[in-house]
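Here the structure is laid out as structure tokens; the discussion comes afterwards.
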Amino acid sequence: MDLIDEVRSTVNTIPDGKVASYSDIGAHLGVGPRRIGRIMGLLDDDVAWWRVVYSDGRPAVCHCGTAPQILAAEGTPFTGERVAMTHARHRFD
DNA sequence: AGCCTGACAGATA
DNA sequence: GTATCTGCCAGGC
């Protein structure tokens with residue numbers, strides 16, 4: 001099981017209406033957030049990248065046009081242009 | 001081998 | 001709340 005698959009699997013674990021930060025996923029997998037970002041870039045459309053946001057709650061990379069839209073459609077709580085991490089952050093088991 | 005860059009985050013001012 | 005700096009891990013040149 002490569003870290004790639006681990007990340008993809010972990011991201012797919014996030015339910016609708018929830019999100020996770022890079023550091024959250026990284027902590028869950030036992031790696032630094034930087035690694036997650038790198039891997040996310042390698043992954044394809046199989047992952048719900050829009051559910052992966054910065055620790056601040058801002059959508060990654062400036063997908064600031066589509067991501068918020070998808071998240072809002074899934075029921076993700078928003079605080080202005082920022083995701084309400086406090087309520088939308090998914091807890092990995 | 002060395003340097004630069006990058007889907008990051010936390011600390012500090 | 002915004003702006004800057006530093007630390008971390010990999011990959012490309």
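Residues in the structure tokens are named by chain (A, B, ... in the order shown) and by number from 1 within that chain; ligands are numbered from 1 in the order shown.
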request  = Using DSSP on the backbone coordinates, identify the residues of chain A assigned to alpha helix (DSSP H); present them as a VMD selection string.
outcome  = chain A and resid 3 to 13 22 to 29 33 to 42 67 to 74 85 to 88
ask   = If we count only C-alpha atoms (C1' of nucleotides), which residues of chain C reach to within 9 Å of chain A? Please list them as a list in words.
value =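 Selected residues: DC8, DC9 and DA10 of chain C.
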Print the selection's residues with N, CA and C atoms (P, O5', C5', C4', C3', O3' and C1' of nucleotides) to a file, as a PDB file, in the first residue's frame.
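The result, stored in again.pdb:
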```
ATOM      1  P    DC C   8      12.698  21.159  10.927  1.00  0.00           P
ATOM      2  O5'  DC C   8      11.716  20.403   9.904  1.00  0.00           O
ATOM      3  C5'  DC C   8      10.328  20.582   9.955  1.00  0.00           C
ATOM      4  C4'  DC C   8       9.618  19.586   9.059  1.00  0.00           C
ATOM      5  C3'  DC C   8      10.514  18.540   8.390  1.00  0.00           C
ATOM      6  O3'  DC C   8       9.913  17.270   8.365  1.00  0.00           O
ATOM      7  C1'  DC C   8       9.472  19.936   6.738  1.00  0.00           C
ATOM      8  P    DC C   9      10.772  15.996   8.020  1.00  0.00           P
ATOM      9  O5'  DC C   9      10.316  15.591   6.526  1.00  0.00           O
ATOM     10  C5'  DC C   9       8.997  15.834   6.138  1.00  0.00           C
ATOM     11  C4'  DC C   9       8.749  15.391   4.718  1.00  0.00           C
ATOM     12  C3'  DC C   9       9.789  14.452   4.111  1.00  0.00           C
ATOM     13  O3'  DC C   9       9.133  13.487   3.328  1.00  0.00           O
ATOM     14  C1'  DC C   9       9.683  16.449   2.833  1.00  0.00           C
ATOM     15  P    DA C  10       9.983  12.238   2.712  1.00  0.00           P
ATOM     16  O5'  DA C  10       9.785  12.431   1.139  1.00  0.00           O
ATOM     17  C5'  DA C  10       9.830  13.726   0.616  1.00  0.00           C
ATOM     18  C4'  DA C  10       9.158  13.800  -0.738  1.00  0.00           C
ATOM     19  C3'  DA C  10       9.956  13.072  -1.815  1.00  0.00           C
ATOM     20  O3'  DA C  10       9.093  12.654  -2.872  1.00  0.00           O
ATOM     21  C1'  DA C  10      10.201  15.441  -2.061  1.00  0.00           C
TER      22       DA C  10
END
```
query = Please, which residues of chain B lie no more than 8 Å from chain A when the count uses only C-alpha atoms (C1' of nucleotides), and can they be set out as number ranges by chain?
reply = B: 6-9
request  = Run DSSP on the backbone and give me the residues of chain A it puts in strand (DSSP E or B), as JSON, numbers by chain.
outcome  = {"A": [19, 20, 21, 52, 53, 59, 78, 79, 82, 83, 89]}
Store the residues of this selection in a file with N, CA and C atoms, as a PDB file, in the first residue's frame.
```pdb
ATOM      1  N   VAL A  19     -14.997  18.105   5.732  1.00  0.00           N
ATOM      2  CA  VAL A  19     -13.732  18.370   5.052  1.00  0.00           C
ATOM      3  C   VAL A  19     -12.570  18.003   5.974  1.00  0.00           C
ATOM      4  N   ALA A  20     -11.374  18.043   5.433  1.00  0.00           N
ATOM      5  CA  ALA A  20     -10.188  17.742   6.241  1.00  0.00           C
ATOM      6  C   ALA A  20      -9.030  18.581   5.728  1.00  0.00           C
ATOM      7  N   SER A  21      -8.166  18.979   6.645  1.00  0.00           N
ATOM      8  CA  SER A  21      -7.020  19.780   6.228  1.00  0.00           C
ATOM      9  C   SER A  21      -5.860  18.850   5.876  1.00  0.00           C
ATOM     10  N   VAL A  52     -10.508  18.629   0.652  1.00  0.00           N
ATOM     11  CA  VAL A  52      -9.235  18.853   1.330  1.00  0.00           C
ATOM     12  C   VAL A  52      -8.907  20.340   1.264  1.00  0.00           C
ATOM     13  N   VAL A  53      -8.865  20.963   2.432  1.00  0.00           N
ATOM     14  CA  VAL A  53      -8.629  22.405   2.478  1.00  0.00           C
ATOM     15  C   VAL A  53      -7.455  22.751   3.394  1.00  0.00           C
ATOM     16  N   PRO A  59     -10.299  26.831   0.608  1.00  0.00           N
ATOM     17  CA  PRO A  59     -10.116  25.784  -0.399  1.00  0.00           C
ATOM     18  C   PRO A  59      -8.698  25.822  -0.943  1.00  0.00           C
ATOM     19  N   PHE A  78     -20.379  26.919   5.685  1.00  0.00           N
ATOM     20  CA  PHE A  78     -19.434  27.938   5.255  1.00  0.00           C
ATOM     21  C   PHE A  78     -19.492  29.179   6.131  1.00  0.00           C
ATOM     22  N   THR A  79     -18.342  29.766   6.323  1.00  0.00           N
ATOM     23  CA  THR A  79     -18.266  31.016   7.070  1.00  0.00           C
ATOM     24  C   THR A  79     -17.706  32.048   6.115  1.00  0.00           C
ATOM     25  N   ARG A  82     -14.865  31.052   3.709  1.00  0.00           N
ATOM     26  CA  ARG A  82     -14.046  30.045   4.404  1.00  0.00           C
ATOM     27  C   ARG A  82     -14.917  28.927   4.957  1.00  0.00           C
ATOM     28  N   VAL A  83     -14.404  27.677   4.894  1.00  0.00           N
ATOM     29  CA  VAL A  83     -15.145  26.535   5.420  1.00  0.00           C
ATOM     30  C   VAL A  83     -15.108  26.581   6.944  1.00  0.00           C
ATOM     31  N   ARG A  89     -14.958  19.844  10.040  1.00  0.00           N
ATOM     32  CA  ARG A  89     -13.742  19.010  10.088  1.00  0.00           C
ATOM     33  C   ARG A  89     -14.091  17.557  10.400  1.00  0.00           C
TER      34      ARG A  89
END
```
query = Counting only C-alpha atoms (C1' of nucleotides), what is within 10 Å of Ile70 (chain A), bar same-chain residues fewer than 6 positions away, as number ranges by chain?
reply = A: 17, 50-51, 76
Please produce a file of the residues just selected, as a tab-separated table (two decimals), in the first residue's frame, where the atoms kept are all heavy atoms.
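As written to disk, selection13.tsv reads:
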```tsv
chain	number	residue	atom	x	y	z
A	17	GLY	N	-20.35	16.81	3.19
A	17	GLY	CA	-20.61	17.85	4.17
A	17	GLY	C	-19.48	17.99	5.17
A	17	GLY	O	-19.55	18.79	6.10
A	50	TRP	N	-11.70	18.53	-3.38
A	50	TRP	CA	-12.38	19.74	-2.92
A	50	TRP	C	-12.70	19.63	-1.43
A	50	TRP	O	-13.01	20.62	-0.80
A	50	TRP	CB	-13.64	19.98	-3.74
A	50	TRP	CG	-14.59	18.82	-3.70
A	50	TRP	CD1	-15.55	18.58	-2.75
A	50	TRP	CD2	-14.67	17.75	-4.65
A	50	TRP	NE1	-16.22	17.41	-3.04
A	50	TRP	CE2	-15.71	16.88	-4.22
A	50	TRP	CE3	-13.97	17.44	-5.83
A	50	TRP	CZ2	-16.04	15.71	-4.92
A	50	TRP	CZ3	-14.32	16.29	-6.51
A	50	TRP	CH2	-15.35	15.44	-6.07
A	51	ARG	N	-12.63	18.40	-0.89
A	51	ARG	CA	-12.89	18.23	0.55
A	51	ARG	C	-11.61	18.41	1.35
A	51	ARG	O	-11.60	18.32	2.57
A	51	ARG	CB	-13.47	16.84	0.83
A	51	ARG	CG	-14.88	16.71	0.32
A	51	ARG	CD	-15.44	15.33	0.64
A	51	ARG	NE	-16.65	15.10	-0.16
A	51	ARG	CZ	-17.14	13.88	-0.38
A	51	ARG	NH1	-16.55	12.83	0.12
A	51	ARG	NH2	-18.21	13.75	-1.09
A	76	THR	N	-21.70	21.46	3.23
A	76	THR	CA	-20.60	21.89	4.08
A	76	THR	C	-20.85	23.29	4.61
A	76	THR	O	-21.11	24.21	3.84
A	76	THR	CB	-19.28	21.91	3.28
A	76	THR	OG1	-19.09	20.63	2.67
A	76	THR	CG2	-18.11	22.23	4.20
```
ask   = What is the CA of Leu71 (chain A)-CA of Met85 (chain A) distance in Å, reported with one decimal?
value = 12.2 Å
query = What is the distance, in Å and to one decimal place, between CA of Ile14 (chain A) and C1' of DG10 (chain B)?
reply =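 According to the coordinates, CA of Ile14 (chain A) and C1' of DG10 (chain B) are separated by 24.4 Å.
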task = Just the residues within 12 Å of DC13 (chain C), please, counting only C-alpha atoms (C1' of nucleotides), with nothing from its chain fewer than 6 positions along; format it as a list of chain:residue names.
result =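 Selected residues are B:DG2, B:DC3, B:DC4, B:DT5.
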Once you have the residues from the selection above, write them out as a compact mmCIF listing (two decimals), in the first residue's frame, restricted to all heavy atoms.
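part33.txt written:
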```txt
# COMPACT_ATOMS: atom_id res chain seq x y z
P DG B 2 26.59 18.77 -0.87
OP1 DG B 2 27.67 19.56 -0.21
OP2 DG B 2 25.54 18.12 -0.07
O5' DG B 2 25.89 19.75 -1.94
C5' DG B 2 26.69 20.41 -2.92
C4' DG B 2 25.89 21.55 -3.53
O4' DG B 2 24.96 21.04 -4.50
C3' DG B 2 25.06 22.32 -2.50
O3' DG B 2 25.09 23.71 -2.84
C2' DG B 2 23.67 21.74 -2.65
C1' DG B 2 23.63 21.37 -4.12
N9 DG B 2 22.77 20.23 -4.44
C8 DG B 2 22.63 19.05 -3.74
N7 DG B 2 21.79 18.21 -4.30
C5 DG B 2 21.36 18.86 -5.44
C6 DG B 2 20.45 18.45 -6.45
O6 DG B 2 19.84 17.39 -6.55
N1 DG B 2 20.31 19.42 -7.42
C2 DG B 2 20.94 20.63 -7.43
N2 DG B 2 20.66 21.43 -8.46
N3 DG B 2 21.80 21.04 -6.50
C4 DG B 2 21.96 20.10 -5.54
P DC B 3 24.20 24.76 -1.97
OP1 DC B 3 24.99 26.00 -1.83
OP2 DC B 3 23.66 24.07 -0.77
O5' DC B 3 23.00 25.05 -2.98
C5' DC B 3 23.29 25.47 -4.31
C4' DC B 3 22.01 25.84 -5.05
O4' DC B 3 21.33 24.63 -5.45
C3' DC B 3 21.03 26.64 -4.19
O3' DC B 3 20.45 27.68 -4.97
C2' DC B 3 20.00 25.60 -3.78
C1' DC B 3 20.00 24.65 -4.96
N1 DC B 3 19.61 23.26 -4.62
C2 DC B 3 18.71 22.58 -5.45
O2 DC B 3 18.27 23.16 -6.45
N3 DC B 3 18.36 21.32 -5.15
C4 DC B 3 18.86 20.71 -4.07
N4 DC B 3 18.48 19.46 -3.82
C5 DC B 3 19.78 21.38 -3.20
C6 DC B 3 20.13 22.64 -3.52
P DC B 4 19.34 28.65 -4.35
OP1 DC B 4 19.60 30.01 -4.81
OP2 DC B 4 19.22 28.37 -2.90
O5' DC B 4 18.03 28.10 -5.08
C5' DC B 4 18.04 27.93 -6.50
C4' DC B 4 16.66 27.54 -6.99
O4' DC B 4 16.43 26.13 -6.75
C3' DC B 4 15.53 28.30 -6.30
O3' DC B 4 14.55 28.66 -7.26
C2' DC B 4 14.99 27.29 -5.29
C1' DC B 4 15.26 25.95 -5.97
N1 DC B 4 15.49 24.84 -5.02
C2 DC B 4 14.80 23.65 -5.24
O2 DC B 4 14.04 23.55 -6.21
N3 DC B 4 15.00 22.61 -4.39
C4 DC B 4 15.83 22.75 -3.36
N4 DC B 4 15.98 21.71 -2.54
C5 DC B 4 16.54 23.96 -3.12
C6 DC B 4 16.34 24.97 -3.98
P DT B 5 13.27 29.53 -6.78
OP1 DT B 5 12.93 30.49 -7.85
OP2 DT B 5 13.48 29.99 -5.39
O5' DT B 5 12.15 28.39 -6.76
C5' DT B 5 11.95 27.60 -7.94
C4' DT B 5 10.82 26.60 -7.71
O4' DT B 5 11.30 25.49 -6.94
C3' DT B 5 9.64 27.20 -6.97
O3' DT B 5 8.43 26.93 -7.67
C2' DT B 5 9.63 26.48 -5.62
C1' DT B 5 10.39 25.20 -5.89
N1 DT B 5 11.15 24.71 -4.73
C2 DT B 5 11.02 23.38 -4.37
O2 DT B 5 10.30 22.60 -4.98
N3 DT B 5 11.75 23.01 -3.28
C4 DT B 5 12.58 23.80 -2.53
O4 DT B 5 13.18 23.32 -1.57
C5 DT B 5 12.68 25.17 -2.95
C7 DT B 5 13.56 26.11 -2.20
C6 DT B 5 11.98 25.56 -4.04
```
